[in-house]
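Structure file entry-v7.txt; described as compact mmCIF, C-alpha atoms.
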# COMPACT_ATOMS: atom_id res chain seq x y z
CA MET A 620 -205.83 -91.83 -113.02
CA PRO A 621 -209.23 -90.95 -114.57
CA ALA A 622 -209.87 -92.09 -118.12
CA THR A 623 -210.28 -88.48 -119.23
CA ASP A 624 -206.59 -87.86 -118.53
CA LEU A 625 -205.84 -89.96 -121.61
CA ASP A 626 -208.42 -88.23 -123.80
CA ASP A 627 -206.49 -86.23 -126.39
CA SER A 628 -207.94 -85.82 -129.86
CA ARG A 629 -204.44 -85.38 -131.31
CA VAL A 630 -203.27 -88.91 -130.48
CA SER A 631 -204.75 -92.34 -129.86
CA ARG A 632 -205.46 -93.46 -126.29
CA ALA A 633 -202.70 -96.04 -126.65
CA GLU A 634 -200.21 -93.31 -127.58
CA ALA A 635 -201.47 -91.13 -124.72
CA LEU A 636 -200.96 -94.03 -122.27
CA ALA A 637 -197.52 -94.75 -123.71
CA ARG A 638 -196.54 -91.10 -123.25
CA ARG A 639 -197.77 -91.10 -119.66
CA LEU A 640 -195.69 -94.16 -118.79
CA GLU A 641 -192.75 -92.82 -120.80
CA ALA A 642 -192.80 -89.61 -118.76
CA ASP A 643 -192.67 -91.66 -115.54
CA ILE A 644 -189.69 -93.66 -116.81
CA LEU A 645 -187.73 -90.75 -118.28
CA GLY A 646 -188.68 -88.34 -115.52
CA ALA A 647 -187.22 -90.66 -112.84
CA ALA A 648 -190.60 -91.37 -111.22
CA VAL A 649 -189.61 -95.02 -111.63
CA ARG A 650 -186.15 -96.58 -111.83
CA PRO A 651 -184.79 -99.12 -114.32
CA GLY A 652 -186.04 -102.54 -113.28
CA ASP A 653 -189.08 -101.21 -111.43
CA ARG A 654 -192.29 -103.10 -112.06
CA LEU A 655 -195.00 -100.96 -113.67
CA GLY A 656 -197.62 -103.65 -113.19
CA THR A 657 -199.26 -106.44 -115.12
CA LYS A 658 -201.37 -105.70 -118.17
CA ASP A 659 -204.51 -106.23 -116.10
CA GLU A 660 -203.25 -103.90 -113.38
CA LEU A 661 -202.46 -101.20 -115.96
CA LYS A 662 -205.87 -101.71 -117.50
CA GLU A 663 -207.57 -101.13 -114.15
CA ARG A 664 -205.29 -98.28 -113.10
CA PHE A 665 -205.91 -96.24 -116.26
CA SER A 666 -209.46 -97.42 -116.99
CA VAL A 667 -208.68 -98.48 -120.55
CA ALA A 668 -209.30 -101.51 -122.73
CA VAL A 669 -206.88 -104.44 -122.91
CA ALA A 670 -206.18 -103.58 -126.54
CA THR A 671 -205.12 -100.07 -125.50
CA VAL A 672 -202.69 -101.46 -122.89
CA ASN A 673 -201.26 -103.95 -125.40
CA GLU A 674 -200.67 -101.25 -128.01
CA ALA A 675 -199.13 -98.87 -125.48
CA ILE A 676 -196.73 -101.59 -124.31
CA ARG A 677 -195.81 -102.37 -127.92
CA LEU A 678 -194.97 -98.69 -128.46
CA LEU A 679 -192.85 -98.55 -125.31
CA GLN A 680 -191.01 -101.75 -126.27
CA ALA A 681 -190.22 -100.23 -129.68
CA ARG A 682 -188.77 -97.21 -127.87
CA GLY A 683 -186.64 -99.44 -125.67
CA LEU A 684 -188.33 -98.32 -122.46
CA VAL A 685 -189.96 -101.49 -121.09
CA ASP A 686 -189.53 -105.26 -120.86
CA VAL A 687 -192.41 -107.70 -120.55
CA ARG A 688 -191.72 -110.76 -118.38
CA PRO A 689 -194.04 -113.79 -118.16
CA GLY A 690 -194.91 -115.81 -115.07
CA PRO A 691 -196.46 -115.21 -111.65
CA ARG A 692 -193.93 -112.47 -110.82
CA GLY A 693 -193.92 -111.09 -114.32
CA GLY A 694 -195.40 -107.97 -115.78
CA VAL A 695 -194.16 -104.79 -117.41
CA PHE A 696 -190.80 -103.50 -116.16
CA ALA A 697 -189.00 -100.22 -116.83
CA ARG A 698 -185.74 -100.35 -118.77
CA GLN A 699 -182.73 -98.04 -118.65
CA PRO A 700 -183.37 -95.48 -121.42
CA SER A 701 -180.62 -95.03 -123.99
CA PRO A 702 -178.81 -91.68 -124.03
CA PHE A 703 -180.52 -90.78 -127.33
CA VAL A 704 -183.99 -91.49 -125.95
CA ARG A 705 -183.27 -89.40 -122.86
CA LEU A 706 -181.90 -86.55 -124.98
CA GLY A 707 -185.03 -86.57 -127.11
CA TYR A 708 -187.22 -86.41 -124.03
CA GLN A 709 -185.24 -83.52 -122.58
CA VAL A 710 -185.54 -81.56 -125.84
CA LEU A 711 -189.29 -82.19 -125.93
CA ALA A 712 -189.58 -81.10 -122.28
CA LEU A 713 -188.29 -77.62 -123.22
CA LYS A 714 -191.70 -76.95 -124.72
CA HIS A 715 -193.48 -77.64 -121.45
CA GLU A 716 -191.18 -76.54 -118.63
CA ALA A 717 -191.04 -73.06 -117.11
CA VAL A 718 -187.80 -71.95 -118.76
CA ARG A 719 -186.87 -68.31 -119.33
CA ALA A 720 -187.08 -66.93 -122.85
CA ALA A 721 -183.82 -65.04 -122.24
CA ASP A 722 -182.01 -68.31 -121.49
CA CYS A 723 -183.39 -69.89 -124.65
CA LEU A 724 -182.32 -66.91 -126.73
CA GLN A 725 -178.81 -67.10 -125.28
CA VAL A 726 -178.47 -70.76 -126.27
CA ARG A 727 -180.10 -70.16 -129.63
CA ASP A 728 -177.61 -67.38 -130.38
CA ALA A 729 -174.76 -69.75 -129.46
CA LEU A 730 -176.13 -72.34 -131.92
CA ASP A 731 -176.64 -69.83 -134.75
CA PRO A 732 -173.10 -70.20 -136.21
CA LEU A 733 -173.56 -74.00 -136.47
CA VAL A 734 -177.01 -73.63 -138.01
CA VAL A 735 -175.79 -71.04 -140.51
CA ALA A 736 -172.70 -73.09 -141.45
CA ASP A 737 -174.90 -76.11 -142.22
CA ALA A 738 -177.29 -73.93 -144.21
CA VAL A 739 -174.45 -72.64 -146.39
CA ARG A 740 -173.24 -76.18 -147.11
CA HIS A 741 -176.64 -77.71 -147.82
CA CYS A 742 -178.85 -74.90 -149.19
CA SER A 743 -180.73 -76.05 -152.32
CA ALA A 744 -182.47 -73.89 -154.92
CA ALA A 745 -185.80 -74.64 -153.22
CA ASP A 746 -184.34 -73.70 -149.83
CA ALA A 747 -183.02 -70.44 -151.26
CA GLU A 748 -186.43 -69.54 -152.67
CA GLN A 749 -188.03 -70.18 -149.27
CA LEU A 750 -185.45 -68.06 -147.44
CA TRP A 751 -186.02 -65.08 -149.72
CA GLU A 752 -189.78 -65.50 -149.26
CA ARG A 753 -189.38 -65.45 -145.46
CA LEU A 754 -187.28 -62.29 -145.76
CA ARG A 755 -190.01 -60.66 -147.88
CA ARG A 756 -192.48 -61.46 -145.10
CA MET A 757 -190.22 -59.71 -142.61
CA ARG A 758 -190.13 -56.60 -144.78
CA ALA A 759 -193.90 -56.64 -145.20
CA ALA A 760 -194.35 -56.79 -141.42
CA ARG A 761 -191.93 -53.98 -140.55
CA ASP A 762 -194.73 -51.74 -139.18
CA ASP A 763 -196.16 -54.46 -136.92
CA PRO A 764 -193.68 -55.35 -134.14
CA THR A 765 -195.33 -58.65 -133.21
CA ALA A 766 -195.76 -59.83 -136.80
CA PHE A 767 -192.21 -58.71 -137.59
CA GLN A 768 -190.77 -60.75 -134.72
CA ARG A 769 -192.75 -63.82 -135.75
CA ALA A 770 -191.54 -63.47 -139.33
CA ASN A 771 -188.00 -63.14 -137.98
CA TRP A 772 -188.32 -66.40 -136.02
CA GLU A 773 -189.84 -68.18 -139.02
CA LEU A 774 -186.87 -67.15 -141.17
CA HIS A 775 -184.47 -68.58 -138.58
CA ARG A 776 -186.56 -71.74 -138.29
CA ARG A 777 -186.41 -72.17 -142.07
CA ILE A 778 -182.63 -71.69 -142.00
CA SER A 779 -182.29 -74.37 -139.32
CA ASP A 780 -184.53 -76.75 -141.31
CA ILE A 781 -181.81 -76.94 -143.96
CA SER A 782 -179.39 -78.67 -141.58
CA PRO A 783 -179.15 -82.47 -141.95
CA ASN A 784 -178.18 -82.66 -138.26
CA SER A 785 -181.44 -83.73 -136.61
CA ILE A 786 -180.19 -83.02 -133.06
CA LEU A 787 -179.17 -79.48 -133.96
CA ARG A 788 -182.35 -78.91 -135.97
CA ASN A 789 -184.71 -80.15 -133.25
CA LEU A 790 -182.93 -78.42 -130.38
CA TYR A 791 -182.88 -75.11 -132.25
CA GLY A 792 -186.56 -75.49 -133.18
CA SER A 793 -187.52 -76.30 -129.58
CA LEU A 794 -185.73 -73.18 -128.34
CA LEU A 795 -187.64 -71.08 -130.88
CA ASP A 796 -190.91 -72.70 -129.78
CA VAL A 797 -190.29 -71.69 -126.16
CA VAL A 798 -189.32 -68.14 -127.07
CA SER A 799 -192.21 -67.58 -129.48
CA GLY A 800 -194.65 -68.97 -126.92
CA GLU A 801 -193.40 -66.77 -124.07
CA LEU A 802 -192.90 -63.61 -126.11
CA ALA A 803 -196.22 -63.70 -127.92
CA THR A 804 -196.51 -59.90 -128.10
CA VAL A 805 -193.81 -57.32 -128.78
CA ILE A 806 -194.19 -53.81 -127.33
CA PRO A 807 -192.14 -51.35 -129.41
CA ASP A 808 -190.02 -48.62 -127.89
CA ALA A 809 -188.68 -45.39 -129.35
CA ASP A 810 -185.79 -47.17 -131.10
CA PHE A 811 -187.89 -49.92 -132.68
CA ALA A 812 -187.88 -48.42 -136.20
CA LEU A 813 -184.08 -48.06 -136.14
CA ARG A 814 -183.62 -51.67 -135.02
CA VAL A 815 -186.00 -52.91 -137.70
CA ASP A 816 -183.86 -51.31 -140.42
CA GLU A 817 -180.71 -52.83 -138.94
CA LEU A 818 -182.31 -56.26 -138.55
CA LEU A 819 -183.59 -56.24 -142.12
CA ARG A 820 -180.15 -55.28 -143.41
CA LEU A 821 -178.44 -58.01 -141.38
CA HIS A 822 -180.95 -60.68 -142.38
CA HIS A 823 -180.61 -59.69 -146.03
CA GLU A 824 -176.84 -60.14 -145.74
CA LEU A 825 -177.35 -63.48 -144.00
CA VAL A 826 -179.76 -64.86 -146.61
CA ALA A 827 -177.61 -63.56 -149.47
CA ALA A 828 -174.51 -65.26 -148.05
CA ILE A 829 -176.31 -68.56 -147.41
CA THR A 830 -177.88 -68.72 -150.86
CA ALA A 831 -174.57 -67.77 -152.48
CA GLY A 832 -172.75 -70.51 -150.56
CA ASP A 833 -170.34 -67.98 -149.04
CA GLN A 834 -169.27 -69.43 -145.68
CA GLU A 835 -167.12 -66.46 -144.66
CA LEU A 836 -169.78 -63.82 -145.30
CA ALA A 837 -172.45 -65.97 -143.66
CA ALA A 838 -170.34 -66.44 -140.53
CA ALA A 839 -169.69 -62.69 -140.32
CA ALA A 840 -173.40 -61.91 -140.72
CA ALA A 841 -174.31 -64.50 -138.05
CA GLU A 842 -171.77 -62.95 -135.67
CA ARG A 843 -173.15 -59.45 -136.19
CA HIS A 844 -176.69 -60.77 -135.73
CA GLY A 845 -175.71 -62.37 -132.42
CA MET A 846 -174.14 -59.13 -131.21
CA LEU A 847 -177.25 -57.17 -132.14
CA THR A 848 -179.69 -59.52 -130.40
CA ALA A 849 -177.42 -59.55 -127.34
CA GLY A 850 -177.61 -55.78 -127.17
CA THR A 851 -174.07 -55.08 -128.44
CA PRO A 852 -173.91 -52.76 -131.47
CA PRO A 853 -172.38 -54.76 -134.36
CA ALA A 854 -169.22 -53.53 -136.01
CA SER A 855 -169.55 -52.09 -139.48
CA PRO A 856 -168.94 -54.68 -142.21

Translate the structure described by the file into structure tokens.
Amino acid sequence: MPATDLDDSRVSRAEALARRLEADILGAAVRPGDRLGTKDELKERFSVAVATVNEAIRLLQARGLVDVRPGPRGGVFARQPSPFVRLGYQVLALKHEAVRAADCLQVRDALDPLVVADAVRHCSAADAEQLWERLRRMRAARDDPTAFQRANWELHRRISDISPNSILRNLYGSLLDVVSGELATVIPDADFALRVDELLRLHHELVAAITAGDQELAAAAAERHGMLTAGTPPASP
């Protein structure tokens, strides 16, 4: 692998090497117990300094992904990743794999009731202020379909940030990342203005219920929102 493959200004070369080896381990390119090589072999293979290899191995040991064994037949060996490590890798992979935005939206809509329920239980005064601000941004962008959709996603991201459940929070955020990346531009149709009014009304109800701590009203608003995004006209409240 050329040295340039590890050149990423966002992370150190040691972190870049650790991520490369981590992807091999978690992506099943190697099996638990497989020998990745000695430190010298890794140094030569990736054209990096010894210090870079040592730091990358330290990072992988901290993540529970490798063992280092001494002796003539020693070296760096892959470990069986824990379920939590594998789950984290799979969530991260959503941002890079060719998944359909429609599939992500379907799962996101299914998670909305959990996200909203947590937001009702844990919404602070600072959270409430941020939610109302996000809603104001949606209103300000009502004449720009792309900006409106982005403001919509940012409101939902801020709602999910309230949850203390890190798995729910990160999965929901990853789904939004995929959708916002794939649907970068929104082309309005003849009914766009009507849907904007309905979406603004529903999101106002949702934010009002969350900030008031009203679980029943929040759940009803989340259900109507899911029906609208799925293409089913919501029932009148």

As a list in words, please: the residues near Leu818 of chain A (cut-off 12 Å, only C-alpha atoms, same-chain neighbours under 4 positions excluded). Leu754, Met757, Arg758, Arg761, Phe767, Gln768, Ala770, Asn771, Phe811, Ala812, Leu813, Arg814, His822, His823, Glu824, Leu825, Ala840, Ala841, Arg843, His844, Gly845, Met846, Leu847, Thr848, Pro852 and Pro853 of chain A

Which is closest to His741 of chain A among A:Cys723, A:Val687, A:Ile829, A:Ala759, if we use only C-alpha atoms?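 Answer, going by the shortest atom-to-atom distance: A:Ile829.
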
Smallest atom-to-atom distance to Ser701 of chain A: which of A:Leu684, A:Leu636, A:Ile676, A:Leu836, using all atoms listed in the file?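 Once distances to Ser701 of chain A are computed over all atoms listed in the file, the minimum belongs to A:Leu684.
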
So that I can see what lies close to Thr657 of chain A, please list as a list in words the residues with an atom at most 10 Å from it, counting all atoms listed in the file and leaving out residues fewer than 6 positions away in the same chain.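 Answer for this query is Glu663, Val672, Val687, Arg688, Pro689, Pro691, Arg692, Gly693, Gly694, Val695 and Phe696 of chain A.
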
Atomic separation - atom CA of Asp728 of chain A relative to atom CA of Ala838 of chain A, Å: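 Separation between atom CA of Ala838 of chain A and atom CA of Asp728 of chain A: 12.5 Å.
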
Counting only C-alpha atoms, which residues sit no farther than 12 Å from the position (-189.1, -96.5, -115.5) in the file's frame? I'd like them as a PyMOL selection string. chain A and resi 637+639-656+679+683-686+695-700+705

One-decimal distance in Å that lies between atom CA of Ala635 of chain A and atom CA of Gly690 of chain A: 27.3 Å

Would you work out the distance separating atom CA of Val797 of chain A from atom CA of Leu678 of chain A, expressed in Å to one decimal?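 One can read the atom CA of Val797 of chain A to atom CA of Leu678 of chain A distance as 27.5 Å.
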
Excluding same-chain residues fewer than 6 positions from Glu674 of chain A, what lies within 12 Å of it counting only C-alpha atoms, as a list in words? Ser631, Arg632, Ala633, Glu634, Ala635, Leu636, Ala637, Arg638, Lys658, Lys662, Val667, Ala668, Gln680 and Ala681 of chain A

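Residues in contact with Ser743 of chain A at up to 9 Å, not including ones fewer than 4 positions away on its chain and judged by all atoms listed in the file, are Ala747, Glu748, Ile781 and Thr830 of chain A.
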
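With only C-alpha atoms as the atoms that count, the minimum distance from Leu795 of chain A to the choices A:Ala738, A:Leu750, A:Leu733, A:Leu774 is reached by A:Leu774.
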
Measuring between all atoms listed in the file, which one of A:Tyr791, A:Ala837, A:Glu660, A:Val630 shows the shortest distance to Ala729 of chain A? A:Tyr791

Nearest-residue call for Val739 of chain A, choices A:Asp833, A:Asp722, A:Asp659, A:Glu842, using only C-alpha atoms: A:Asp833
